[in-house]
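Source file: work.pdb. Holds: PDB, C-alpha atoms.
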```
ATOM      1  CA  MET A1026       4.630  33.530 313.771
ATOM      2  CA  GLU A1027       3.771  37.209 314.047
ATOM      3  CA  ASP A1028       3.060  38.444 310.541
ATOM      4  CA  LYS A1029       3.243  42.126 311.300
ATOM      5  CA  GLY A1030       5.285  44.459 309.103
ATOM      6  CA  LEU A1031       8.952  44.261 308.278
ATOM      7  CA  LYS A1032       9.756  41.734 311.023
ATOM      8  CA  GLY A1033       7.312  39.203 309.549
ATOM      9  CA  PHE A1034       8.607  39.874 306.038
ATOM     10  CA  ILE A1035      12.249  39.258 307.049
ATOM     11  CA  TYR A1036      11.170  36.160 308.991
ATOM     12  CA  CYS A1037       9.507  34.826 305.831
ATOM     13  CA  ILE A1038      12.660  35.447 303.720
ATOM     14  CA  CYS A1039      14.864  33.703 306.300
ATOM     15  CA  LEU A1040      12.483  30.750 306.528
ATOM     16  CA  ALA A1041      12.268  30.266 302.740
ATOM     17  CA  PHE A1042      16.033  30.695 302.320
ATOM     18  CA  THR A1043      16.905  28.284 305.142
ATOM     19  CA  ALA A1044      14.443  25.698 303.802
ATOM     20  CA  GLN A1045      16.055  25.797 300.336
ATOM     21  CA  VAL A1046      19.604  25.488 301.666
ATOM     22  CA  VAL A1047      18.713  22.725 304.141
ATOM     23  CA  VAL A1048      16.850  20.671 301.484
ATOM     24  CA  VAL A1049      19.735  20.913 298.986
ATOM     25  CA  ALA A1050      22.315  20.161 301.697
ATOM     26  CA  LEU A1051      20.319  17.162 302.956
ATOM     27  CA  ILE A1052      19.867  15.718 299.442
ATOM     28  CA  GLN A1053      23.579  16.128 298.843
ATOM     29  CA  CYS A1054      24.503  14.516 302.177
ATOM     30  CA  LEU A1055      22.189  11.543 301.643
ATOM     31  CA  SER A1056      23.239  10.921 298.022
ATOM     32  CA  SER A1057      25.951   8.484 297.122
ATOM     33  CA  GLU A1058      28.879   9.725 295.012
ATOM     34  CA  SER A1059      27.507   8.336 291.737
ATOM     35  CA  VAL A1060      24.028   9.817 292.390
ATOM     36  CA  ALA A1061      25.612  13.165 293.306
ATOM     37  CA  GLN A1062      27.511  13.161 290.019
ATOM     38  CA  LYS A1063      24.298  12.496 288.090
ATOM     39  CA  GLN A1064      22.531  15.261 290.038
ATOM     40  CA  ALA A1065      25.307  17.695 289.156
ATOM     41  CA  GLU A1066      24.865  16.849 285.453
ATOM     42  CA  ILE A1067      21.120  17.585 285.625
ATOM     43  CA  SER A1068      21.093  20.682 287.821
ATOM     44  CA  SER A1069      23.454  23.546 288.571
ATOM     45  CA  ILE A1070      22.093  23.578 292.139
ATOM     46  CA  PHE A1071      23.959  20.342 292.859
ATOM     47  CA  SER A1072      27.197  21.339 291.128
ATOM     48  CA  MET A1073      29.086  21.588 294.398
ATOM     49  CA  GLN A1074      32.774  22.041 294.794
ATOM     50  CA  GLY A1075      33.229  22.136 298.545
ATOM     51  CA  GLY A1076      29.671  23.405 299.120
ATOM     52  CA  ILE A1077      26.789  25.234 297.467
ATOM     53  CA  SER A1078      28.154  27.834 295.043
ATOM     54  CA  LYS A1079      27.955  31.551 295.794
ATOM     55  CA  GLU A1080      25.841  32.025 292.677
ATOM     56  CA  THR A1081      23.281  29.423 293.803
ATOM     57  CA  ILE A1082      23.144  30.950 297.309
ATOM     58  CA  LEU A1083      22.294  34.363 295.828
ATOM     59  CA  GLN A1084      19.688  32.774 293.554
ATOM     60  CA  PHE A1085      18.127  31.070 296.590
ATOM     61  CA  LEU A1086      18.100  34.409 298.414
ATOM     62  CA  LEU A1087      16.314  36.097 295.500
ATOM     63  CA  VAL A1088      13.731  33.274 295.353
ATOM     64  CA  ALA A1089      13.236  33.588 299.147
ATOM     65  CA  PHE A1090      12.714  37.347 298.778
ATOM     66  CA  LEU A1091      10.171  36.863 295.962
ATOM     67  CA  THR A1092       8.413  34.159 298.020
ATOM     68  CA  ALA A1093       8.026  36.656 300.881
ATOM     69  CA  VAL A1094       6.754  39.351 298.488
ATOM     70  CA  ILE A1095       4.130  36.998 296.995
ATOM     71  CA  ARG A1096       3.144  35.787 300.466
ATOM     72  CA  SER A1097       2.607  39.285 301.818
ATOM     73  CA  PHE A1098       0.654  40.149 298.650
ATOM     74  CA  PHE A1099      -1.861  37.326 299.022
ATOM     75  CA  MET A1100      -1.866  36.726 302.792
ATOM     76  CA  SER A1101      -2.498  40.290 303.895
ATOM     77  CA  ASP A1102      -5.295  42.732 303.167
ATOM     78  CA  LEU A1103      -3.014  45.362 301.633
ATOM     79  CA  VAL A1104      -4.258  44.538 298.135
ATOM     80  CA  ILE A1105      -6.900  41.820 298.446
ATOM     81  CA  LYS A1106      -9.437  43.044 300.981
ATOM     82  CA  ASN A1107     -12.058  40.337 301.051
ATOM     83  CA  ALA A1108     -11.201  36.820 299.922
ATOM     84  CA  SER A1109     -11.521  33.453 301.627
ATOM     85  CA  LEU A1110      -8.452  31.688 302.981
ATOM     86  CA  SER A1111      -8.820  28.941 300.355
ATOM     87  CA  ILE A1112      -8.831  31.404 297.446
ATOM     88  CA  ARG A1113      -5.803  33.167 298.917
ATOM     89  CA  MET A1114      -3.989  29.822 299.292
ATOM     90  CA  ILE A1115      -4.743  28.776 295.695
ATOM     91  CA  LEU A1116      -3.551  32.144 294.349
ATOM     92  CA  LEU A1117      -0.460  31.930 296.556
ATOM     93  CA  PHE A1118       0.437  28.420 295.351
ATOM     94  CA  VAL A1119      -0.129  29.252 291.668
ATOM     95  CA  SER A1120       1.981  32.436 291.918
ATOM     96  CA  GLU A1121       4.765  30.590 293.724
ATOM     97  CA  ILE A1122       4.786  27.889 291.017
ATOM     98  CA  VAL A1123       4.996  30.510 288.258
ATOM     99  CA  MET A1124       7.794  32.350 290.087
ATOM    100  CA  ILE A1125       9.777  29.139 290.707
ATOM    101  CA  GLY A1126       9.216  28.100 287.082
ATOM    102  CA  ILE A1127      10.708  31.400 285.916
ATOM    103  CA  ALA A1128      13.625  30.959 288.359
ATOM    104  CA  VAL A1129      14.308  27.432 287.036
ATOM    105  CA  TRP A1130      14.302  28.747 283.467
ATOM    106  CA  GLN A1131      16.299  31.918 284.140
ATOM    107  CA  PHE A1132      18.945  30.396 286.426
ATOM    108  CA  LYS A1133      19.151  27.236 284.321
ATOM    109  CA  TRP A1134      18.677  25.060 287.413
ATOM    110  CA  PHE A1135      17.770  22.115 285.204
ATOM    111  CA  HIS A1136      19.861  22.618 282.106
ATOM    112  CA  SER A1137      19.733  18.965 281.138
ATOM    113  CA  PHE A1138      16.040  18.127 280.717
ATOM    114  CA  ASP A1139      15.077  14.566 281.310
ATOM    115  CA  LYS A1140      11.568  13.518 280.218
ATOM    116  CA  GLU A1141      11.097  11.011 283.058
ATOM    117  CA  SER A1142      12.250  13.523 285.710
ATOM    118  CA  ILE A1143       9.868  16.174 284.409
ATOM    119  CA  ILE A1144       6.905  13.762 284.332
ATOM    120  CA  GLY A1145       7.794  12.566 287.854
ATOM    121  CA  PHE A1146       8.118  16.133 289.104
ATOM    122  CA  VAL A1147       4.829  17.311 287.523
ATOM    123  CA  LEU A1148       2.996  14.226 288.787
ATOM    124  CA  SER A1149       4.233  14.433 292.391
ATOM    125  CA  PHE A1150       3.785  18.194 292.493
ATOM    126  CA  SER A1151       0.230  17.974 291.131
ATOM    127  CA  ILE A1152      -0.729  15.349 293.714
ATOM    128  CA  CYS A1153       0.758  17.391 296.584
ATOM    129  CA  PHE A1154      -0.804  20.620 295.287
ATOM    130  CA  THR A1155      -4.283  19.101 294.877
ATOM    131  CA  LEU A1156      -4.132  17.390 298.276
ATOM    132  CA  SER A1157      -2.999  20.524 300.074
ATOM    133  CA  ILE A1158      -5.758  22.606 298.432
ATOM    134  CA  ILE A1159      -8.432  20.017 299.306
ATOM    135  CA  LEU A1160      -7.176  19.869 302.914
ATOM    136  CA  THR A1161      -7.082  23.684 303.165
ATOM    137  CA  ILE A1162     -10.643  24.065 301.844
ATOM    138  CA  LYS A1163     -11.983  21.246 304.069
ATOM    139  CA  GLY A1164     -10.104  22.611 307.114
ATOM    140  CA  GLU A1165     -11.405  26.133 306.540
ATOM    141  CA  LYS A1166     -14.978  24.918 306.057
ATOM    142  CA  LYS A1167     -14.847  22.837 309.246
ATOM    143  CA  LYS A1168     -13.376  25.742 311.228
ATOM    144  CA  ASN A1169     -16.103  28.101 309.976
ATOM    145  CA  ASP A1170     -18.890  25.562 310.551
ATOM    146  CA  ASP A1171     -17.680  24.913 314.127
ATOM    147  CA  MET A1172     -17.498  28.639 314.875
ATOM    148  CA  ASN A1173     -20.957  29.372 313.459
ATOM    149  CA  GLU A1174     -22.526  26.409 315.243
ATOM    150  CA  ALA A1175     -21.004  27.571 318.552
ATOM    151  CA  LEU A1176     -22.138  31.140 317.840
ATOM    152  CA  HIS A1177     -25.733  30.111 317.287
ATOM    153  CA  LYS A1178     -25.699  28.025 320.474
ATOM    154  CA  VAL A1179     -24.392  30.993 322.491
ATOM    155  CA  GLN A1180     -26.907  33.350 320.841
ATOM    156  CA  LYS A1181     -29.725  30.941 321.656
ATOM    157  CA  SER A1182     -28.680  30.545 325.302
ATOM    158  CA  GLN A1183     -28.234  34.306 325.628
ATOM    159  CA  GLY A1184     -31.706  34.901 324.171
ATOM    160  CA  GLU A1185     -33.207  32.454 326.660
ATOM    161  CA  LYS A1186     -31.377  34.192 329.518
ATOM    162  CA  ILE A1187     -32.667  37.619 328.451
ATOM    163  CA  THR A1188     -36.233  36.338 328.040
ATOM    164  CA  SER A1189     -36.233  34.700 331.491
ATOM    165  CA  GLY A1190     -34.783  37.910 332.978
ATOM    166  CA  VAL A1191     -37.653  39.970 331.528
ATOM    167  CA  ASP A1192     -40.282  37.535 332.766
TER
ATOM    168  CA  MET B1310     -42.104  56.798 350.121
ATOM    169  CA  LYS B1311     -38.786  57.894 351.565
ATOM    170  CA  ILE B1312     -35.943  58.520 349.093
ATOM    171  CA  SER B1313     -32.358  58.712 350.303
ATOM    172  CA  ILE B1314     -29.224  59.191 348.244
ATOM    173  CA  ASP B1315     -25.774  58.402 349.563
ATOM    174  CA  ILE B1316     -23.187  60.313 347.502
ATOM    175  CA  ASN B1317     -19.818  59.026 348.538
ATOM    176  CA  PRO B1318     -16.586  58.857 346.447
ATOM    177  CA  ASP B1319     -15.795  55.539 348.167
ATOM    178  CA  ASN B1320     -18.791  53.899 346.485
ATOM    179  CA  LYS B1321     -17.312  51.805 343.696
ATOM    180  CA  GLU B1322     -20.489  51.609 341.622
ATOM    181  CA  THR B1323     -23.986  53.015 341.552
ATOM    182  CA  GLU B1324     -26.329  50.800 343.519
ATOM    183  CA  ILE B1325     -30.084  51.178 343.900
ATOM    184  CA  ARG B1326     -31.465  49.430 346.959
ATOM    185  CA  ILE B1327     -35.176  49.240 347.690
ATOM    186  CA  SER B1328     -36.251  48.578 351.269
ATOM    187  CA  CYS B1329     -39.859  47.612 351.703
ATOM    188  CA  PRO B1330     -42.022  45.430 353.978
ATOM    189  CA  SER B1331     -43.513  43.521 351.035
ATOM    190  CA  MET B1332     -43.713  43.521 347.237
ATOM    191  CA  SER B1333     -46.357  45.883 345.872
ATOM    192  CA  PRO B1334     -47.440  46.878 342.321
ATOM    193  CA  GLU B1335     -45.742  50.281 342.870
ATOM    194  CA  ILE B1336     -42.439  48.643 343.728
ATOM    195  CA  GLU B1337     -42.691  46.377 340.677
ATOM    196  CA  LYS B1338     -43.387  49.401 338.474
ATOM    197  CA  LEU B1339     -40.426  51.211 339.970
ATOM    198  CA  MET B1340     -38.183  48.219 339.326
ATOM    199  CA  SER B1341     -39.259  47.882 335.714
ATOM    200  CA  MET B1342     -38.619  51.618 335.171
ATOM    201  CA  ILE B1343     -35.104  51.248 336.552
ATOM    202  CA  ARG B1344     -34.543  48.184 334.345
ATOM    203  CA  VAL B1345     -35.693  50.115 331.274
ATOM    204  CA  LEU B1346     -33.358  52.995 332.103
ATOM    205  CA  ASP B1347     -30.506  50.554 332.655
ATOM    206  CA  SER B1348     -30.973  48.918 329.246
ATOM    207  CA  LYS B1349     -30.928  52.212 327.371
ATOM    208  CA  LEU B1350     -27.968  54.041 326.004
ATOM    209  CA  THR B1351     -27.908  57.822 325.933
ATOM    210  CA  VAL B1352     -26.688  58.962 322.533
ATOM    211  CA  LYS B1353     -27.062  61.995 320.323
ATOM    212  CA  ARG B1354     -27.472  62.734 316.653
ATOM    213  CA  GLU B1355     -27.640  66.114 314.964
ATOM    214  CA  GLY B1356     -27.948  67.857 318.339
ATOM    215  CA  GLU B1357     -30.841  65.672 319.512
ATOM    216  CA  VAL B1358     -30.507  63.312 322.471
ATOM    217  CA  PHE B1359     -31.925  59.785 322.137
ATOM    218  CA  LEU B1360     -32.408  56.943 324.608
ATOM    219  CA  LEU B1361     -31.423  53.985 322.490
ATOM    220  CA  ASP B1362     -32.600  50.479 323.279
ATOM    221  CA  LEU B1363     -29.508  48.252 323.707
ATOM    222  CA  GLY B1364     -31.188  45.568 321.624
ATOM    223  CA  GLU B1365     -31.017  47.881 318.615
ATOM    224  CA  VAL B1366     -27.273  48.479 318.885
ATOM    225  CA  LEU B1367     -25.183  46.434 316.457
ATOM    226  CA  TYR B1368     -21.766  47.765 317.378
ATOM    227  CA  VAL B1369     -19.815  50.675 318.814
ATOM    228  CA  GLU B1370     -16.736  52.088 317.150
ATOM    229  CA  ALA B1371     -14.177  54.537 318.522
ATOM    230  CA  MET B1372     -12.803  57.023 316.042
ATOM    231  CA  GLU B1373     -10.680  60.081 316.767
ATOM    232  CA  ARG B1374     -11.530  60.024 320.488
ATOM    233  CA  LYS B1375     -15.243  59.811 319.800
ATOM    234  CA  CYS B1376     -17.531  56.809 320.149
ATOM    235  CA  PHE B1377     -20.065  56.080 317.447
ATOM    236  CA  VAL B1378     -23.003  53.782 318.056
ATOM    237  CA  TYR B1379     -24.322  51.871 315.033
ATOM    238  CA  THR B1380     -27.830  50.505 314.668
ATOM    239  CA  ALA B1381     -29.232  48.857 311.534
ATOM    240  CA  ASN B1382     -30.371  52.206 310.132
ATOM    241  CA  ALA B1383     -28.475  55.014 311.843
ATOM    242  CA  VAL B1384     -25.262  56.147 313.471
ATOM    243  CA  TYR B1385     -25.266  58.021 316.789
ATOM    244  CA  GLU B1386     -22.550  59.604 318.882
ATOM    245  CA  SER B1387     -21.943  58.815 322.535
ATOM    246  CA  ASP B1388     -20.200  61.021 325.087
ATOM    247  CA  ALA B1389     -19.017  57.977 327.022
ATOM    248  CA  LYS B1390     -15.514  56.586 326.679
ATOM    249  CA  MET B1391     -14.933  53.198 325.057
ATOM    250  CA  TYR B1392     -13.980  51.503 328.354
ATOM    251  CA  GLU B1393     -17.093  52.945 330.021
ATOM    252  CA  LEU B1394     -19.300  51.598 327.249
ATOM    253  CA  GLU B1395     -17.508  48.256 327.447
ATOM    254  CA  GLN B1396     -18.331  48.039 331.177
ATOM    255  CA  GLN B1397     -21.902  49.204 330.692
ATOM    256  CA  LEU B1398     -22.638  46.899 327.778
ATOM    257  CA  ALA B1399     -20.780  43.756 328.895
ATOM    258  CA  ALA B1400     -23.833  42.363 330.701
ATOM    259  CA  SER B1401     -25.909  42.828 327.529
ATOM    260  CA  GLY B1402     -23.704  40.545 325.446
ATOM    261  CA  PHE B1403     -21.336  43.119 323.998
ATOM    262  CA  PHE B1404     -17.623  42.377 323.719
ATOM    263  CA  ARG B1405     -14.488  43.825 322.155
ATOM    264  CA  VAL B1406     -13.290  42.603 318.765
ATOM    265  CA  SER B1407     -10.524  45.165 318.325
ATOM    266  CA  LYS B1408      -9.060  48.144 320.172
ATOM    267  CA  SER B1409     -11.676  50.376 318.618
ATOM    268  CA  CYS B1410     -14.716  48.147 318.229
ATOM    269  CA  LEU B1411     -17.307  46.674 320.565
ATOM    270  CA  LEU B1412     -20.124  44.560 319.161
ATOM    271  CA  SER B1413     -23.303  42.775 320.134
ATOM    272  CA  LEU B1414     -23.035  38.999 320.016
ATOM    273  CA  LYS B1415     -26.726  38.588 319.258
ATOM    274  CA  HIS B1416     -26.442  40.690 316.087
ATOM    275  CA  ILE B1417     -23.715  38.552 314.522
ATOM    276  CA  LYS B1418     -24.943  36.809 311.401
ATOM    277  CA  SER B1419     -21.893  34.663 310.671
ATOM    278  CA  LEU B1420     -18.198  34.207 311.373
ATOM    279  CA  ARG B1421     -15.402  33.338 308.971
ATOM    280  CA  ALA B1422     -11.761  32.505 309.661
ATOM    281  CA  ASP B1423      -9.515  35.125 308.090
ATOM    282  CA  ILE B1424      -5.789  35.578 307.493
ATOM    283  CA  ASN B1425      -3.378  35.862 310.434
ATOM    284  CA  HIS B1426      -5.793  34.135 312.852
ATOM    285  CA  ARG B1427      -8.305  36.960 312.587
ATOM    286  CA  ILE B1428     -12.070  36.455 312.309
ATOM    287  CA  ARG B1429     -14.250  38.207 309.749
ATOM    288  CA  ILE B1430     -17.599  38.974 311.354
ATOM    289  CA  THR B1431     -20.731  39.595 309.289
ATOM    290  CA  MET B1432     -23.370  41.540 311.197
ATOM    291  CA  ASP B1433     -27.147  41.325 310.736
ATOM    292  CA  ASN B1434     -27.046  44.317 308.390
ATOM    293  CA  ASP B1435     -24.376  42.516 306.269
ATOM    294  CA  GLU B1436     -21.676  44.907 307.382
ATOM    295  CA  GLN B1437     -18.323  43.173 307.915
ATOM    296  CA  LEU B1438     -16.053  43.752 310.894
ATOM    297  CA  ILE B1439     -12.687  42.217 311.707
ATOM    298  CA  ALA B1440     -11.791  40.692 315.063
ATOM    299  CA  SER B1441      -8.067  41.274 315.471
ATOM    300  CA  ARG B1442      -5.832  38.323 316.325
ATOM    301  CA  MET B1443      -5.824  38.917 320.099
ATOM    302  CA  TYR B1444      -9.571  39.482 320.381
ATOM    303  CA  ALA B1445     -10.299  36.685 317.872
ATOM    304  CA  ASP B1446      -8.670  34.247 320.306
ATOM    305  CA  GLU B1447     -10.889  35.607 323.095
ATOM    306  CA  LEU B1448     -13.946  35.194 320.861
ATOM    307  CA  ARG B1449     -12.978  31.573 320.085
ATOM    308  CA  GLU B1450     -12.610  30.947 323.811
ATOM    309  CA  ARG B1451     -15.993  32.548 324.502
ATOM    310  CA  LEU B1452     -17.552  30.284 321.862
ATOM    311  CA  GLY B1453     -15.663  27.267 323.151
ATOM    312  CA  VAL B1454     -13.980  26.445 319.840
ATOM    313  CA  LYS B1455     -10.360  27.061 320.829
TER
END
```

How does this structure look as structure tokens?
Amino acid sequence: MEDKGLKGFIYCICLAFTAQVVVVALIQCLSSESVAQKQAEISSIFSMQGGISKETILQFLLVAFLTAVIRSFFMSDLVIKNASLSIRMILLFVSEIVMIGIAVWQFKWFHSFDKESIIGFVLSFSICFTLSIILTIKGEKKKNDDMNEALHKVQKSQGEKITSGVD
Amino acid sequence: MKISIDINPDNKETEIRISCPSMSPEIEKLMSMIRVLDSKLTVKREGEVFLLDLGEVLYVEAMERKCFVYTANAVYESDAKMYELEQQLAASGFFRVSKSCLLSLKHIKSLRADINHRIRITMDNDEQLIASRMYADELRERLGVK
């Protein structure tokens, strides 16, 4: 993906929006009628009458737009000039969680709160979040270590070449 | 010693050829002088002309149609164009990291992966430069980590 300018920004909105719609549509398609009814009681997202409501679509679009704004804030050097990829990822994830939390509260996506669902959600989200951060940090460290090791090898061989040339 | 110069627009590059019956101390001295001249960069600063040792150069940056040569302690200006410097310095381990920057591989202190597939390069003097996405890929290839 080319992250340059407006094109990258629009691409990010489309990607986030499509992902939301596809996930909701898939859950709805795979759910039995009784499960779908229960889902509709818990969340307005699943209150479908012949499809996802216009209101929910617009809410998804707004969330996609905000996702793109947050992404371009943390994953470009417009504001943050010098930060590691891991720090940027952590800040990005935390900001996205806060934004989605506000969206859930404002749009009343889960108007009927169920203790078990909330615990399940927090637990699974925390595990995924921690794992993805650990993998990002480890991946970044490995990438940097590999690059620096290769650099020092090349520098060493170049130094030897120059020395033998002088002799 | 006979000196002949062949000035011809068809000559693609400057070539110095020495014809001699055998190696002598004079020829060796001549060769080392040519080598010294070849590893120097003509630059200027505050109206003074300097012959800069290539080993001292950290990086070259093009700004507003001018080329600036950076060492650990000073900045000089070069009359040469960026592509000319790139050709001249390639054999000495210099390579492009962006449209406007050419740097010496041996003066890189460390590399760090950055956003959008770029590479953040820390030089020996702790200055940081960015290898743009396209040139970062070339750098990875050069290092054999792609």

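If you take all atoms listed in the file and a cut-off of 8 Å, the residues of chain A that reach chain B are Asp1028, Met1100, Ser1101, Ser1109, Leu1110, Glu1165, Lys1168, Asn1169, Asp1171, Met1172, Asn1173, Ala1175, Leu1176, Val1179, Gln1180, Gln1183 and Gly1184 of chain A.
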
Hey, what's within 12 Å of Ile1314 of chain B if we count all atoms listed in the file and toss same-chain stuff fewer than 6 positions away? As a PyMOL selection string, please? chain B and resi 1320+1323-1327

Can you write out the residues you just picked, keeping C-alpha atoms, as a compact mmCIF listing (two decimals), in the frame of the given file?
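That gives us out.txt:
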```txt
# COMPACT_ATOMS: atom_id res chain seq x y z
CA ASN B 1320 -18.79 53.90 346.48
CA THR B 1323 -23.99 53.02 341.55
CA GLU B 1324 -26.33 50.80 343.52
CA ILE B 1325 -30.08 51.18 343.90
CA ARG B 1326 -31.46 49.43 346.96
CA ILE B 1327 -35.18 49.24 347.69
```

Picked residues, the PyMOL selection byres ((chain A and resi 1039) around 12), as a PyMOL selection string: chain A and resi 1032-1038+1040-1047+1085-1093

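Atom pair atom CA of Tyr1444 of chain B / atom CA of Leu1412 of chain B has a distance of 11.8 Å (rounded to one decimal).
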
Any idea what's packed within 8 Å of Ala1445 of chain B, counting only C-alpha atoms, ignoring anything in its chain fewer than 5 positions away? Could you give it as number ranges by chain? B: 1406, 1426-1428, 1440
